[in-house]
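Structure first, commentary second.
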Amino acid sequence: MYRVLVVDDEEMITDSLAAMLSETERFELDVYRAYSGTEAFQLLNEYQFDIVISDICMPGTTGIELAKGIRQKWPRCQVIFQTGYDNFEYAKQAIREKVAHYILKSEGDEILLDAIGECIRSVEKEMDVRAALLKAREETRLYKAMLRRNIIRTLLLDHEKTDYHDQMWDKVEISLTEGCPVMLLAGRASQELTDETALAIDMAIREKIMYAVKSEAVWQDQNVIIWALQPVDHENLQHARAVVKGMAEGIKRAILQTLGISITFVFHEKQIEWEQVSRPFDRLKRVAELMLSGNSQIDLAGIEYFENRHGEEADETELEKSFVSRLMAYISEHIGGDLSLYALSEKLHLNPSYLSRRFKELTGQTLTETILNLRMEKACDLLKNTSFRISEIASMVGYETSANFSKVFKKVMKITPREYRDSEGRLH
């Protein structure tokens, strides 16, 4: 699944384009919307997007300014400009900002879908780890990686520091800042890892996240690798976490395609002081070794996912039995809140694509269909049994405007909210 952001200051264009992309069968897309460049920047600070489709001429933050910001913050994100203006100056600026495609709105959906296909191929090409495997065969790289791992493990877990460690820190190019808090990431492989394949995986992850996250492998056994992570910019921890979560699906797919190894990640995203790493490390290691199957469909889960309702550790099979009921309970309790795929994945500590795919496999319905049905059921109940204004009901079931609520309600129920209320004998 590829995450796409549609940006246009004309709400009707944004909504119709997002709807078309959500419904296309050519690609599996997780589509988000922003109605201004400023709103797009807010989303880009929280989430990782593979593709951004943006208008150029927007009040406030322009598409050109947005592309420039994306190039700085998410350098591997593909940008498509879709504009109503055939302007040579705009095209020049688009080239300068390394925009992947410049499309006129009049060219139609197929041209845009073709451009998205090219962007997806570019994203997949960047994830190819064959080059990383070749580099891993260089003895010097392998030696340095193993030495780095030993030094970091000794300092983090054993808290032993000698003059030797100080001398070797820079020589072996350790990226972490000693003493600054770390996050922990574990990868569980479906088969035994050699030193070379482990290093190939490590290098692929480093290349994918190094612009926002510093990483060092600190421990490895036959099937598990554990990394210590720090944000490059300590003031933007949220962005670093989003980068780690965003890379999991692509890395899993690339490693399977190139090395024939399935890998699943478990993330301890809370920062830990060096002196306190031992206990969280042991817990993460235990989860990766004992509670996660080697061929799991999960791309990345937060370590909190492996706790049952009583806070006790539970294995993947046990947790999946309660997957749908836990998710449905949360949706029902927060029907008026943010029920985006990302928000739900954060709540369940699962990566969005797995949550969406697994929910449909278990229920036969998409999350979007389920949420829409529950919102309409709640709206009907409120229209029938309360005197709340329609604008108030719209907000209570998760719609920002009564106009948008009325449009969706009529599409689903075939009558307007007011007509429904009247037919049930309620006063306006």
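In the structure tokens, the first chain shown is A, the next is B, and so on; residue numbers restart at 1 for each chain, and ligands run from 1 in the order shown.
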task: Mind listing the alpha helix (DSSP H) residues of region 370-414 of chain A, per DSSP on the backbone, as a PyMOL selection string?
output: chain A and resi 370-385+390-396+402-413
Restrict the selected residues to C-alpha atoms and save them as a PDB file, in the first residue's frame.
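The file below, again-v1.pdb, is the result:
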```pdb
ATOM      1  CA  THR A 370     -17.542  -0.007   8.288  1.00  0.00           C
ATOM      2  CA  ILE A 371     -16.910   3.482   9.648  1.00  0.00           C
ATOM      3  CA  LEU A 372     -19.366   5.010   7.174  1.00  0.00           C
ATOM      4  CA  ASN A 373     -22.087   2.532   8.165  1.00  0.00           C
ATOM      5  CA  LEU A 374     -21.539   3.138  11.885  1.00  0.00           C
ATOM      6  CA  ARG A 375     -21.608   6.894  11.395  1.00  0.00           C
ATOM      7  CA  MET A 376     -24.823   6.705   9.414  1.00  0.00           C
ATOM      8  CA  GLU A 377     -26.431   4.443  12.058  1.00  0.00           C
ATOM      9  CA  LYS A 378     -25.462   6.917  14.772  1.00  0.00           C
ATOM     10  CA  ALA A 379     -26.705   9.864  12.695  1.00  0.00           C
ATOM     11  CA  CYS A 380     -30.063   8.179  12.104  1.00  0.00           C
ATOM     12  CA  ASP A 381     -30.442   7.501  15.808  1.00  0.00           C
ATOM     13  CA  LEU A 382     -29.655  11.129  16.695  1.00  0.00           C
ATOM     14  CA  LEU A 383     -31.987  12.499  14.013  1.00  0.00           C
ATOM     15  CA  LYS A 384     -34.778  10.226  15.173  1.00  0.00           C
ATOM     16  CA  ASN A 385     -34.440  10.442  18.931  1.00  0.00           C
ATOM     17  CA  ILE A 390     -28.282  18.930  12.029  1.00  0.00           C
ATOM     18  CA  SER A 391     -25.017  20.884  12.224  1.00  0.00           C
ATOM     19  CA  GLU A 392     -24.502  19.534  15.759  1.00  0.00           C
ATOM     20  CA  ILE A 393     -25.214  15.974  14.667  1.00  0.00           C
ATOM     21  CA  ALA A 394     -22.762  16.364  11.788  1.00  0.00           C
ATOM     22  CA  SER A 395     -20.004  17.175  14.266  1.00  0.00           C
ATOM     23  CA  MET A 396     -21.060  14.356  16.616  1.00  0.00           C
ATOM     24  CA  SER A 402     -23.140  20.068   7.868  1.00  0.00           C
ATOM     25  CA  ALA A 403     -22.954  20.417   4.068  1.00  0.00           C
ATOM     26  CA  ASN A 404     -20.500  17.550   3.788  1.00  0.00           C
ATOM     27  CA  PHE A 405     -22.537  15.460   6.244  1.00  0.00           C
ATOM     28  CA  SER A 406     -25.755  16.098   4.299  1.00  0.00           C
ATOM     29  CA  LYS A 407     -24.071  15.167   1.018  1.00  0.00           C
ATOM     30  CA  VAL A 408     -22.806  11.837   2.386  1.00  0.00           C
ATOM     31  CA  PHE A 409     -26.044  11.085   4.238  1.00  0.00           C
ATOM     32  CA  LYS A 410     -28.132  11.590   1.100  1.00  0.00           C
ATOM     33  CA  LYS A 411     -25.789   9.421  -0.944  1.00  0.00           C
ATOM     34  CA  VAL A 412     -26.126   6.559   1.547  1.00  0.00           C
ATOM     35  CA  MET A 413     -29.722   6.958   2.738  1.00  0.00           C
TER      36      MET A 413
END
```
Who sits within 8 Å of region 167-181 of chain A, only C-alpha atoms, same chain under 5 positions skipped, as a ChimeraX atom specification: /A:144-145,147-148,151,214-216,229-230,271-274
Okay, now the selection with C-alpha atoms, as a tab-separated table (two decimals), in the first residue's frame?
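Heads up, here's the output in result03.tsv:
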```tsv
chain	number	residue	atom	x	y	z
A	144	LYS	CA	33.33	-2.08	10.96
A	145	ALA	CA	29.66	-2.95	11.37
A	147	LEU	CA	32.83	-3.58	15.72
A	148	ARG	CA	30.25	-0.79	15.96
A	151	ILE	CA	30.96	-1.07	21.10
A	214	LYS	CA	20.48	7.78	13.20
A	215	SER	CA	20.66	4.02	13.71
A	216	GLU	CA	23.10	1.40	14.97
A	229	LEU	CA	17.76	4.85	17.10
A	230	GLN	CA	18.03	8.61	17.65
A	271	GLN	CA	12.86	7.30	24.31
A	272	ILE	CA	15.05	5.55	26.89
A	273	GLU	CA	18.04	6.89	28.79
A	274	TRP	CA	21.22	4.86	28.26
```
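Among the candidates A:Ala189, A:Leu155, A:Ile51, A:Leu339, the residue lying nearest to Val218 (chain A) is A:Leu155 (atoms considered: only C-alpha atoms).
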field: Within 9 Å of Asp30 (chain A) using only C-alpha atoms, minus same-chain residues under 4 positions, as a ChimeraX atom specification
entry: /A:1-5,21-22,341,352-353
Can I get the selected residues back with N, CA and C atoms, as a short mmCIF file (atom, residue, chain, number, x, y, z; two decimals), in the first residue's frame?
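After the write, out_25.cif holds the following:
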```cif
data_model
loop_
_atom_site.label_atom_id
_atom_site.label_comp_id
_atom_site.auth_asym_id
_atom_site.auth_seq_id
_atom_site.Cartn_x
_atom_site.Cartn_y
_atom_site.Cartn_z
N MET A 1 0.85 -1.19 0.00
CA MET A 1 0.00 0.00 0.00
C MET A 1 0.88 1.24 0.00
N TYR A 2 0.53 2.23 -0.82
CA TYR A 2 1.30 3.45 -0.92
C TYR A 2 0.46 4.61 -0.40
N ARG A 3 1.09 5.47 0.40
CA ARG A 3 0.38 6.59 1.02
C ARG A 3 0.47 7.82 0.12
N VAL A 4 -0.68 8.39 -0.23
CA VAL A 4 -0.77 9.51 -1.17
C VAL A 4 -1.47 10.68 -0.49
N LEU A 5 -0.94 11.89 -0.71
CA LEU A 5 -1.56 13.11 -0.19
C LEU A 5 -2.00 13.97 -1.37
N LEU A 21 -8.92 8.24 -6.56
CA LEU A 21 -7.71 7.47 -6.23
C LEU A 21 -8.03 6.35 -5.24
N SER A 22 -8.94 6.61 -4.31
CA SER A 22 -9.32 5.59 -3.33
C SER A 22 -10.02 4.41 -3.99
N LEU A 341 -7.20 6.06 8.92
CA LEU A 341 -6.44 4.82 9.02
C LEU A 341 -5.21 5.01 9.90
N PRO A 352 -0.45 0.94 9.22
CA PRO A 352 -1.77 1.14 8.60
C PRO A 352 -2.15 0.10 7.55
N SER A 353 -1.22 -0.26 6.67
CA SER A 353 -1.58 -1.17 5.57
C SER A 353 -1.99 -2.55 6.10
#
```
- prompt: Of the candidates A:Ile209, A:Gly336, A:Val244, A:Ala186, which one gets nearest to Phe281 (chain A) if we count only C-alpha atoms?
  reply: A:Ala186
- prompt: Hey, what's within 9 Å of region 106-109 of chain A if we count only C-alpha atoms and toss same-chain stuff fewer than 2 positions away? As a PyMOL selection string, please?
  reply: chain A and resi 17+20+83-84+103-104+111-114
Export, as a PDB file, in the first residue's frame, the selected residues with C-alpha atoms.
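Listing of part07.pdb after writing:
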```pdb
ATOM      1  CA  LEU A  17      -9.590  13.419  -6.905  1.00  0.00           C
ATOM      2  CA  MET A  20     -11.084   8.575  -7.598  1.00  0.00           C
ATOM      3  CA  THR A  83      -2.445  22.414 -12.482  1.00  0.00           C
ATOM      4  CA  GLY A  84      -4.889  24.285 -14.652  1.00  0.00           C
ATOM      5  CA  ILE A 103       0.280  17.468 -15.455  1.00  0.00           C
ATOM      6  CA  LEU A 104      -2.529  19.711 -16.634  1.00  0.00           C
ATOM      7  CA  ILE A 111      -2.616  10.464 -17.392  1.00  0.00           C
ATOM      8  CA  LEU A 112      -2.491  11.058 -13.645  1.00  0.00           C
ATOM      9  CA  LEU A 113      -2.736   7.324 -12.891  1.00  0.00           C
ATOM     10  CA  ASP A 114       0.103   6.649 -15.348  1.00  0.00           C
TER      11      ASP A 114
END
```
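Between His239 (chain A) and the residues A:Glu23, A:Phe41, A:Ile13, A:Ala301, the shortest atom-to-atom distance, using only C-alpha atoms, involves A:Phe41.
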Could you list, as a short mmCIF file (atom, residue, chain, number, x, y, z; two decimals) with N, CA and C atoms, in the first residue's frame, every residue within 8 Å of Ile205 (chain A), counting only C-alpha atoms and ignoring same-chain residues fewer than 4 positions away?
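Output file around_21.cif follows:
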```cif
data_model
loop_
_atom_site.label_atom_id
_atom_site.label_comp_id
_atom_site.auth_asym_id
_atom_site.auth_seq_id
_atom_site.Cartn_x
_atom_site.Cartn_y
_atom_site.Cartn_z
N ILE A 201 20.47 -5.89 5.38
CA ILE A 201 19.22 -5.34 5.94
C ILE A 201 19.51 -4.05 6.70
N ILE A 209 16.37 5.73 6.14
CA ILE A 209 15.94 6.63 7.22
C ILE A 209 17.01 7.63 7.65
N MET A 247 8.86 3.49 6.89
CA MET A 247 9.76 2.69 6.06
C MET A 247 9.45 1.20 6.12
N ILE A 251 10.51 -1.62 3.20
CA ILE A 251 11.69 -2.42 3.51
C ILE A 251 11.33 -3.91 3.54
#
```
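Restricting the calculation to only C-alpha atoms, the smallest distance between Leu327 (chain A) and any of A:Thr194, A:Ala343, A:Trp219, A:Val243 is found for A:Ala343.
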task: Would you kindly return, as an MDAnalysis selection string, each protein, DNA or RNA residue with an atom no farther than 8 Å from any atom of Ile56 (chain A), considering only C-alpha atoms and excluding same-chain residues fewer than 2 positions away?
output: chainID A and resid 54 58 62:64 81:83 90
